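Everything on this sheet refers to the single structure shown next.
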Amino acid sequence: MIDADGIRAVLPHRPPMLLVDRVDECVDGESIRAVRQVVATEPWFAATGAPVDDAYPQALVLESWAQTAGVLVTKESPNPDVLSGTVMLFGSASGVEFHGQVTAGQVMEHHVTIGRVIGDSVVAGGRTVVDGTTVMTVDQIIMMFQPASVLRPQAVGKEESHA
């Protein structure tokens with residue numbers, strides 16, 4: 001099991017954008033099962049003005065699942081400092097389907113399995129379950145790893161500036 005401190009040691013995310021509470025099961029390089037407790041005090045509910053019994057934003061269900069995938073693929077080589085080393089980037093997601101809603105008070109259980117590793121990219125898929133019911137499936141997500149140095153803005157010379 002990996003607790004919140006262990007997750008913060010692997011991912012660069014911090015509250016309120018850290019959307020994984022703990023890892024219950026992990027087979028390095030293969031699969032992971034992690035959970036996220038959705039609570040009524042999350043800023044997404046206050047920001048939208050929606051009642052807390054409204055659905056948790058689907059984008060955040062996917063983000064939480066993707067962070068779980070991030071824990072799986074970076075657990076052995078963590079880099080929570082995105083200003084140096086190798087940075088994990090979200091590439092794309094396909095075949096994402098929502099089969100139900102998530103509301104405050106519910107616990108999302110994310111299941112992620114690595115399908116392939118291709119060079120500096122990882123392909124994974126899986127699902128999110130609430131109370132035994134699948135609420136989201138992901139056919140595939142692609143994550144890439146790039147050196148932080150190539151992601152920094154390049155200095156613009158005077159001849160290139162657009163004043």
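Ligands are numbered from 1 in the order shown, residues from 1 within each chain, and chains are lettered A, B, ... in the order they appear in the structure tokens.
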
Checklist entry - Where does DSSP see strand (DSSP E or B) in chain A, if you list the residues as a ChimeraX atom specification? => result /A:2,22-27,31-37,86-98,107-118,121-130,133-147

Checklist entry - Quick one: DSSP helix (DSSP H, G or I) residues in chain A, as a PyMOL selection string? => result chain A and resi 4-8+43-48+58-74+148-151+158-160

Can you spit out the residues from that selection as an mmCIF file, in the first residue's frame, using N, CA and C atoms?
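Final file, again-v7.cif:
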```cif
data_model
loop_
_atom_site.group_PDB
_atom_site.id
_atom_site.type_symbol
_atom_site.label_atom_id
_atom_site.label_comp_id
_atom_site.auth_asym_id
_atom_site.auth_seq_id
_atom_site.Cartn_x
_atom_site.Cartn_y
_atom_site.Cartn_z
ATOM 1 N N ALA A 4 -0.686 8.758 1.114
ATOM 2 C CA ALA A 4 -0.621 10.075 0.477
ATOM 3 C C ALA A 4 0.811 10.597 0.389
ATOM 4 N N ASP A 5 1.617 10.395 1.428
ATOM 5 C CA ASP A 5 3.010 10.841 1.390
ATOM 6 C C ASP A 5 3.785 10.119 0.293
ATOM 7 N N GLY A 6 3.540 8.832 0.145
ATOM 8 C CA GLY A 6 4.199 8.053 -0.900
ATOM 9 C C GLY A 6 3.789 8.496 -2.293
ATOM 10 N N ILE A 7 2.530 8.869 -2.442
ATOM 11 C CA ILE A 7 2.046 9.348 -3.744
ATOM 12 C C ILE A 7 2.696 10.688 -4.074
ATOM 13 N N ARG A 8 2.790 11.582 -3.077
ATOM 14 C CA ARG A 8 3.427 12.882 -3.306
ATOM 15 C C ARG A 8 4.920 12.732 -3.614
ATOM 16 N N PRO A 43 -13.087 21.851 -4.056
ATOM 17 C CA PRO A 43 -13.332 23.161 -4.673
ATOM 18 C C PRO A 43 -14.178 23.113 -5.938
ATOM 19 N N TRP A 44 -14.258 21.971 -6.600
ATOM 20 C CA TRP A 44 -15.017 21.873 -7.850
ATOM 21 C C TRP A 44 -16.505 22.105 -7.596
ATOM 22 N N PHE A 45 -16.982 21.651 -6.437
ATOM 23 C CA PHE A 45 -18.386 21.868 -6.113
ATOM 24 C C PHE A 45 -18.640 23.341 -5.822
ATOM 25 N N ALA A 46 -17.767 23.978 -5.054
ATOM 26 C CA ALA A 46 -17.929 25.397 -4.712
ATOM 27 C C ALA A 46 -17.771 26.276 -5.954
ATOM 28 N N ALA A 47 -16.833 25.925 -6.834
ATOM 29 C CA ALA A 47 -16.554 26.748 -8.009
ATOM 30 C C ALA A 47 -17.722 26.771 -8.990
ATOM 31 N N THR A 48 -18.440 25.687 -9.087
ATOM 32 C CA THR A 48 -19.554 25.626 -10.036
ATOM 33 C C THR A 48 -20.864 26.088 -9.421
ATOM 34 N N GLN A 58 -16.712 14.881 -14.884
ATOM 35 C CA GLN A 58 -16.143 13.724 -15.573
ATOM 36 C C GLN A 58 -14.664 13.929 -15.880
ATOM 37 N N ALA A 59 -14.282 15.156 -16.192
ATOM 38 C CA ALA A 59 -12.865 15.427 -16.473
ATOM 39 C C ALA A 59 -11.999 15.088 -15.265
ATOM 40 N N LEU A 60 -12.532 15.293 -14.045
ATOM 41 C CA LEU A 60 -11.761 14.985 -12.847
ATOM 42 C C LEU A 60 -11.754 13.489 -12.536
ATOM 43 N N VAL A 61 -12.795 12.772 -12.934
ATOM 44 C CA VAL A 61 -12.776 11.312 -12.815
ATOM 45 C C VAL A 61 -11.637 10.775 -13.684
ATOM 46 N N LEU A 62 -11.557 11.272 -14.925
ATOM 47 C CA LEU A 62 -10.486 10.838 -15.830
ATOM 48 C C LEU A 62 -9.122 11.285 -15.321
ATOM 49 N N GLU A 63 -9.015 12.511 -14.818
ATOM 50 C CA GLU A 63 -7.735 13.008 -14.281
ATOM 51 C C GLU A 63 -7.267 12.160 -13.106
ATOM 52 N N SER A 64 -8.184 11.807 -12.218
ATOM 53 C CA SER A 64 -7.831 10.974 -11.071
ATOM 54 C C SER A 64 -7.330 9.610 -11.538
ATOM 55 N N TRP A 65 -8.013 9.031 -12.514
ATOM 56 C CA TRP A 65 -7.601 7.746 -13.081
ATOM 57 C C TRP A 65 -6.214 7.878 -13.721
ATOM 58 N N ALA A 66 -6.002 8.971 -14.474
ATOM 59 C CA ALA A 66 -4.720 9.181 -15.149
ATOM 60 C C ALA A 66 -3.583 9.373 -14.133
ATOM 61 N N GLN A 67 -3.869 10.044 -13.012
ATOM 62 C CA GLN A 67 -2.849 10.173 -11.974
ATOM 63 C C GLN A 67 -2.496 8.803 -11.396
ATOM 64 N N THR A 68 -3.478 7.927 -11.274
ATOM 65 C CA THR A 68 -3.205 6.561 -10.826
ATOM 66 C C THR A 68 -2.262 5.875 -11.809
ATOM 67 N N ALA A 69 -2.527 6.048 -13.110
ATOM 68 C CA ALA A 69 -1.636 5.496 -14.132
ATOM 69 C C ALA A 69 -0.239 6.089 -13.974
ATOM 70 N N GLY A 70 -0.165 7.377 -13.663
ATOM 71 C CA GLY A 70 1.120 8.036 -13.458
ATOM 72 C C GLY A 70 1.899 7.447 -12.300
ATOM 73 N N VAL A 71 1.211 7.107 -11.228
ATOM 74 C CA VAL A 71 1.881 6.466 -10.091
ATOM 75 C C VAL A 71 2.473 5.129 -10.537
ATOM 76 N N LEU A 72 1.701 4.368 -11.295
ATOM 77 C CA LEU A 72 2.169 3.055 -11.754
ATOM 78 C C LEU A 72 3.433 3.175 -12.601
ATOM 79 N N VAL A 73 3.439 4.102 -13.552
ATOM 80 C CA VAL A 73 4.570 4.149 -14.484
ATOM 81 C C VAL A 73 5.776 4.909 -13.950
ATOM 82 N N THR A 74 5.608 5.686 -12.871
ATOM 83 C CA THR A 74 6.756 6.421 -12.326
ATOM 84 C C THR A 74 7.217 5.923 -10.968
ATOM 85 N N ALA A 148 13.116 17.481 -18.954
ATOM 86 C CA ALA A 148 12.589 18.803 -18.589
ATOM 87 C C ALA A 148 13.274 19.899 -19.391
ATOM 88 N N SER A 149 14.538 19.703 -19.703
ATOM 89 C CA SER A 149 15.301 20.738 -20.420
ATOM 90 C C SER A 149 14.707 21.064 -21.790
ATOM 91 N N VAL A 150 14.113 20.087 -22.486
ATOM 92 C CA VAL A 150 13.545 20.368 -23.809
ATOM 93 C C VAL A 150 12.156 21.000 -23.708
ATOM 94 N N LEU A 151 11.576 20.993 -22.525
ATOM 95 C CA LEU A 151 10.237 21.557 -22.340
ATOM 96 C C LEU A 151 10.262 23.011 -21.881
ATOM 97 N N LYS A 158 16.002 39.413 -30.102
ATOM 98 C CA LYS A 158 15.346 40.674 -30.479
ATOM 99 C C LYS A 158 14.750 40.590 -31.871
ATOM 100 N N GLU A 159 15.449 39.900 -32.772
ATOM 101 C CA GLU A 159 14.954 39.823 -34.156
ATOM 102 C C GLU A 159 13.685 38.967 -34.256
ATOM 103 N N GLU A 160 13.433 38.136 -33.248
ATOM 104 C CA GLU A 160 12.261 37.272 -33.284
ATOM 105 C C GLU A 160 11.105 37.811 -32.441
#
```

Next on the checklist: Counting only C-alpha atoms, which residue out of A:Glu25, A:Asp81, A:His99, A:Met143 sits closest to Pro12 of chain A?
Outcome noted: A:Asp81

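The spacing separating atom CA of Asn79 of chain A from atom CA of Phe145 of chain A amounts to 10.9 Å.
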
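Each of A:Asp28, A:Ala93, A:Arg33, A:Thr103 was checked against Ile142 of chain A using only C-alpha atoms; the smallest atom-to-atom distance is that of A:Ala93.
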
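With distances restricted to only C-alpha atoms, A:Ile32 is the closest residue to Arg127 of chain A from A:Val38, A:Val156, A:Ile32, A:Val10.
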
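Considering only C-alpha atoms, the residue among A:Val112, A:Leu89, A:Val107, A:Met17 positioned nearest to Arg36 of chain A is A:Val107.
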
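Counting from atom CA of Tyr56 of chain A, the distance to atom CA of Thr128 of chain A is 13.2 Å.
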
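In terms of minimum interatomic distance to Lys75 of chain A, A:Met88 ranks closest within A:Phe98, A:Gly126, A:Met88, A:Glu42, counting only C-alpha atoms.
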
Checklist entry - So, counting only C-alpha atoms, which residue among A:Cys26, A:Ala124, A:Val35, A:Met136 is closest to Glu109 of chain A? => result A:Val35
